[in-house]
Amino acid sequence: MPRLDHLSLPVHDWRKSRDWYKRNLDFDVEFEIPDRKTAAMRDVADLTIFLYEEDVIACPGISFTIQVDDVEAKHHELAAAGILFVHPPMKVFWGYGAELRDPNGYTLRLWDEKSMKEKA
């Protein structure tokens with residue numbers, strides 16, 4: 001069965017983006033290629049995102065939906081760390097969750113299974 005293995009994402013600053021995804025979303029650094037200004041970041045489901053330094057073009061309509069253990073707790077943690085949200089956890093057209101932007105302007109939607117079942 002096919003499954004998504006990795007994707008490439010242009011970013012303004014590969015080190016800043018690497019650190020942001022590691023610190024805020026617990027992605028692991030799989031490997032780095034400094035001379036190519038690239039960091040490979042892996043999530044717990046083994047999906048790798050290649051963050052590579054390049055011009056970032058606005059992509060309205062493109063979003064990344066990230067499952068977390070507890071969307072309310074993750075929102076509280078990130079908001080307390082100064083991360084700005086588009087909106088806190090709430091019922092929205094795609095279910096129940098929070099929305100924020102990464103340092104490059106990409107839309108990230110956070111959700112968890114329990115809240116999605118109970119509040120969507």
# chains A, B, ... in the order shown; residues from 1 in each chain; ligands from 1

$ closest_atom_pairs --of "segment 85-111 of chain A" --to "segment 51-60 of chain A" --cutoff "9 Å" --atoms "only C-alpha atoms" --output "Markdown table"
| residue | atom | partner | partner_atom | distance |
| --- | --- | --- | --- | --- |
| A:Asn104 | CA | A:Val56 | CA | 7.2 |
| A:Gly105 | CA | A:Ala58 | CA | 7.6 |
| A:Tyr106 | CA | A:Cys59 | CA | 7.7 |
| A:Thr107 | CA | A:Pro60 | CA | 8.6 |

$ residues_around --residues "Asp69 of chain A" --least-positions-apart "3" --cutoff "9 Å" --atoms "only C-alpha atoms" --output "list in words"
Ala73, Lys74, Trp111, Asp112, Glu113 and Lys114 of chain A

$ select_by_dssp --residues "segment 57-104 of chain A" --states "strand (DSSP E or B)" --output "JSON, numbers by chain"
{"A": [63, 64, 65, 66, 67, 85, 86, 87, 88, 89, 90, 91, 92, 95, 96, 97, 98, 99, 100, 101]}

$ residues_around --residues "Thr65 of chain A" --least-positions-apart "6" --cutoff "6 Å" --atoms "only C-alpha atoms" --output "list of chain:residue names"
A:Leu108, A:Arg109, A:Leu110

$ select_by_dssp --residues "segment 1-109 of chain A" --states "alpha helix (DSSP H)" --output "PyMOL selection string"
chain A and resi 14-25+71-80

$ residues_around --residues "His76 of chain A" --least-positions-apart "3" --cutoff "12 Å" --atoms "only C-alpha atoms" --output "VMD selection string"
chain A and resid 24 70 to 73 79 to 85 88 to 89 98

$ write_last_selection --atoms "N, CA and C atoms" --output "mmCIF file, in the first residue's frame"
data_model
loop_
_atom_site.group_PDB
_atom_site.id
_atom_site.type_symbol
_atom_site.label_atom_id
_atom_site.label_comp_id
_atom_site.auth_asym_id
_atom_site.auth_seq_id
_atom_site.Cartn_x
_atom_site.Cartn_y
_atom_site.Cartn_z
ATOM 1 N N ASN A 24 8.975 23.094 19.182
ATOM 2 C CA ASN A 24 7.539 23.279 19.362
ATOM 3 C C ASN A 24 6.677 22.071 19.011
ATOM 4 N N ASP A 70 -2.803 16.088 22.991
ATOM 5 C CA ASP A 70 -3.882 16.866 23.604
ATOM 6 C C ASP A 70 -3.816 18.276 23.040
ATOM 7 N N VAL A 71 -4.747 18.623 22.172
ATOM 8 C CA VAL A 71 -4.706 19.912 21.486
ATOM 9 C C VAL A 71 -4.836 21.080 22.457
ATOM 10 N N GLU A 72 -5.642 20.923 23.495
ATOM 11 C CA GLU A 72 -5.801 21.999 24.485
ATOM 12 C C GLU A 72 -4.474 22.242 25.216
ATOM 13 N N ALA A 73 -3.824 21.165 25.645
ATOM 14 C CA ALA A 73 -2.549 21.285 26.366
ATOM 15 C C ALA A 73 -1.457 21.847 25.457
ATOM 16 N N ALA A 79 1.213 28.746 23.369
ATOM 17 C CA ALA A 79 0.793 30.125 23.622
ATOM 18 C C ALA A 79 1.615 30.719 24.767
ATOM 19 N N ALA A 80 1.880 29.918 25.802
ATOM 20 C CA ALA A 80 2.695 30.385 26.929
ATOM 21 C C ALA A 80 4.138 30.668 26.497
ATOM 22 N N ALA A 81 4.583 29.995 25.432
ATOM 23 C CA ALA A 81 5.931 30.213 24.903
ATOM 24 C C ALA A 81 5.971 31.376 23.904
ATOM 25 N N GLY A 82 4.827 32.041 23.718
ATOM 26 C CA GLY A 82 4.789 33.202 22.840
ATOM 27 C C GLY A 82 4.409 32.920 21.406
ATOM 28 N N ILE A 83 4.007 31.684 21.105
ATOM 29 C CA ILE A 83 3.575 31.354 19.749
ATOM 30 C C ILE A 83 2.171 31.929 19.540
ATOM 31 N N LEU A 84 2.007 32.678 18.453
ATOM 32 C CA LEU A 84 0.707 33.258 18.133
ATOM 33 C C LEU A 84 -0.133 32.263 17.342
ATOM 34 N N PHE A 85 -1.409 32.200 17.660
ATOM 35 C CA PHE A 85 -2.333 31.302 16.979
ATOM 36 C C PHE A 85 -3.302 32.089 16.120
ATOM 37 N N PRO A 88 -7.543 29.558 18.750
ATOM 38 C CA PRO A 88 -7.322 28.510 19.746
ATOM 39 C C PRO A 88 -8.132 27.268 19.365
ATOM 40 N N PRO A 89 -8.029 26.201 20.142
ATOM 41 C CA PRO A 89 -8.850 25.027 19.863
ATOM 42 C C PRO A 89 -10.335 25.399 19.852
ATOM 43 N N ALA A 98 -6.801 23.659 16.771
ATOM 44 C CA ALA A 98 -6.199 24.987 16.786
ATOM 45 C C ALA A 98 -5.437 25.203 15.480
#

$ residues_around --residues "Ala39 of chain A" --least-positions-apart "6" --cutoff "10 Å" --atoms "only C-alpha atoms" --output "list of chain:residue names"
A:Trp14, A:Arg15, A:Ser17, A:Arg18, A:Asp19, A:Val29, A:Glu30, A:Phe31, A:Glu32, A:Ile33, A:Thr48, A:Ile49, A:Phe50, A:Leu51, A:Tyr52, A:Glu53

$ residues_around --residues "Met90 of chain A" --least-positions-apart "3" --cutoff "10 Å" --atoms "only C-alpha atoms" --output "number ranges by chain"
A: 71-72, 87, 93, 95-99, 111, 115-116, 119-120

$ write_last_selection --atoms "N, CA, C and O atoms" --output "JSON list (two decimals), in the first residue's frame"
[["chain", "number", "residue", "atom", "x", "y", "z"],
["A", 71, "VAL", "N", -4.75, 18.62, 22.17],
["A", 71, "VAL", "CA", -4.71, 19.91, 21.49],
["A", 71, "VAL", "C", -4.84, 21.08, 22.46],
["A", 71, "VAL", "O", -4.19, 22.12, 22.28],
["A", 72, "GLU", "N", -5.64, 20.92, 23.50],
["A", 72, "GLU", "CA", -5.80, 22.00, 24.49],
["A", 72, "GLU", "C", -4.47, 22.24, 25.22],
["A", 72, "GLU", "O", -4.05, 23.38, 25.38],
["A", 87, "HIS", "N", -6.23, 30.80, 15.63],
["A", 87, "HIS", "CA", -7.34, 30.62, 16.56],
["A", 87, "HIS", "C", -6.99, 29.49, 17.53],
["A", 87, "HIS", "O", -6.22, 28.59, 17.21],
["A", 93, "PHE", "N", -14.46, 24.05, 10.34],
["A", 93, "PHE", "CA", -15.01, 23.25, 9.24],
["A", 93, "PHE", "C", -14.34, 21.88, 9.10],
["A", 93, "PHE", "O", -14.95, 20.93, 8.63],
["A", 95, "GLY", "N", -13.18, 20.08, 11.67],
["A", 95, "GLY", "CA", -13.34, 19.29, 12.89],
["A", 95, "GLY", "C", -13.16, 20.16, 14.12],
["A", 95, "GLY", "O", -13.82, 21.17, 14.27],
["A", 96, "TYR", "N", -12.23, 19.77, 14.99],
["A", 96, "TYR", "CA", -11.95, 20.53, 16.20],
["A", 96, "TYR", "C", -10.45, 20.62, 16.37],
["A", 96, "TYR", "O", -9.74, 19.60, 16.36],
["A", 97, "GLY", "N", -9.95, 21.84, 16.53],
["A", 97, "GLY", "CA", -8.52, 22.00, 16.72],
["A", 97, "GLY", "C", -8.10, 23.46, 16.72],
["A", 97, "GLY", "O", -8.93, 24.36, 16.67],
["A", 98, "ALA", "N", -6.80, 23.66, 16.77],
["A", 98, "ALA", "CA", -6.20, 24.99, 16.79],
["A", 98, "ALA", "C", -5.44, 25.20, 15.48],
["A", 98, "ALA", "O", -5.06, 24.24, 14.81],
["A", 99, "GLU", "N", -5.20, 26.46, 15.16],
["A", 99, "GLU", "CA", -4.48, 26.78, 13.94],
["A", 99, "GLU", "C", -3.44, 27.85, 14.22],
["A", 99, "GLU", "O", -3.70, 28.82, 14.93],
["A", 111, "TRP", "N", -4.64, 18.94, 16.14],
["A", 111, "TRP", "CA", -5.83, 18.24, 16.59],
["A", 111, "TRP", "C", -5.41, 17.03, 17.42],
["A", 111, "TRP", "O", -4.26, 16.64, 17.42],
["A", 115, "SER", "N", -10.54, 14.95, 21.36],
["A", 115, "SER", "CA", -11.29, 16.18, 21.12],
["A", 115, "SER", "C", -12.07, 16.13, 19.82],
["A", 115, "SER", "O", -13.19, 16.62, 19.73],
["A", 116, "MET", "N", -11.47, 15.53, 18.81],
["A", 116, "MET", "CA", -12.13, 15.44, 17.50],
["A", 116, "MET", "C", -13.42, 14.62, 17.63],
["A", 116, "MET", "O", -14.44, 14.98, 17.07],
["A", 119, "LYS", "N", -15.84, 16.84, 20.36],
["A", 119, "LYS", "CA", -16.19, 18.24, 20.16],
["A", 119, "LYS", "C", -16.44, 18.67, 18.72],
["A", 119, "LYS", "O", -16.89, 19.78, 18.49],
["A", 120, "ALA", "N", -16.12, 17.82, 17.77],
["A", 120, "ALA", "CA", -16.26, 18.20, 16.35],
["A", 120, "ALA", "C", -17.70, 18.20, 15.90],
["A", 120, "ALA", "O", -18.56, 17.61, 16.44]]

$ residues_around --residues "Val44 of chain A" --least-positions-apart "2" --cutoff "10 Å" --atoms "only C-alpha atoms" --output "NGL selection string"
:A and (26-28 or 42 or 46-48)

$ write_last_selection --atoms "C-alpha atoms" --output "CSV table (one decimal), in the first residue's frame"
chain,number,residue,atom,x,y,z
A,26,ASP,CA,8.9,17.5,18.9
A,27,PHE,CA,10.1,16.6,15.4
A,28,ASP,CA,13.5,14.8,15.5
A,42,ARG,CA,11.1,13.2,11.3
A,46,ASP,CA,8.3,8.3,10.5
A,47,LEU,CA,7.3,11.0,8.0
A,48,THR,CA,10.3,13.1,7.0

$ closest_residue --among "A:Met1, A:Leu7, A:Leu78, A:Val86" --to "Arg23 of chain A" --atoms "only C-alpha atoms"
A:Leu78

$ atom_distance --atom1 "atom CA of Pro34 of chain A" --atom2 "atom CA of Asp5 of chain A"
22.0 Å
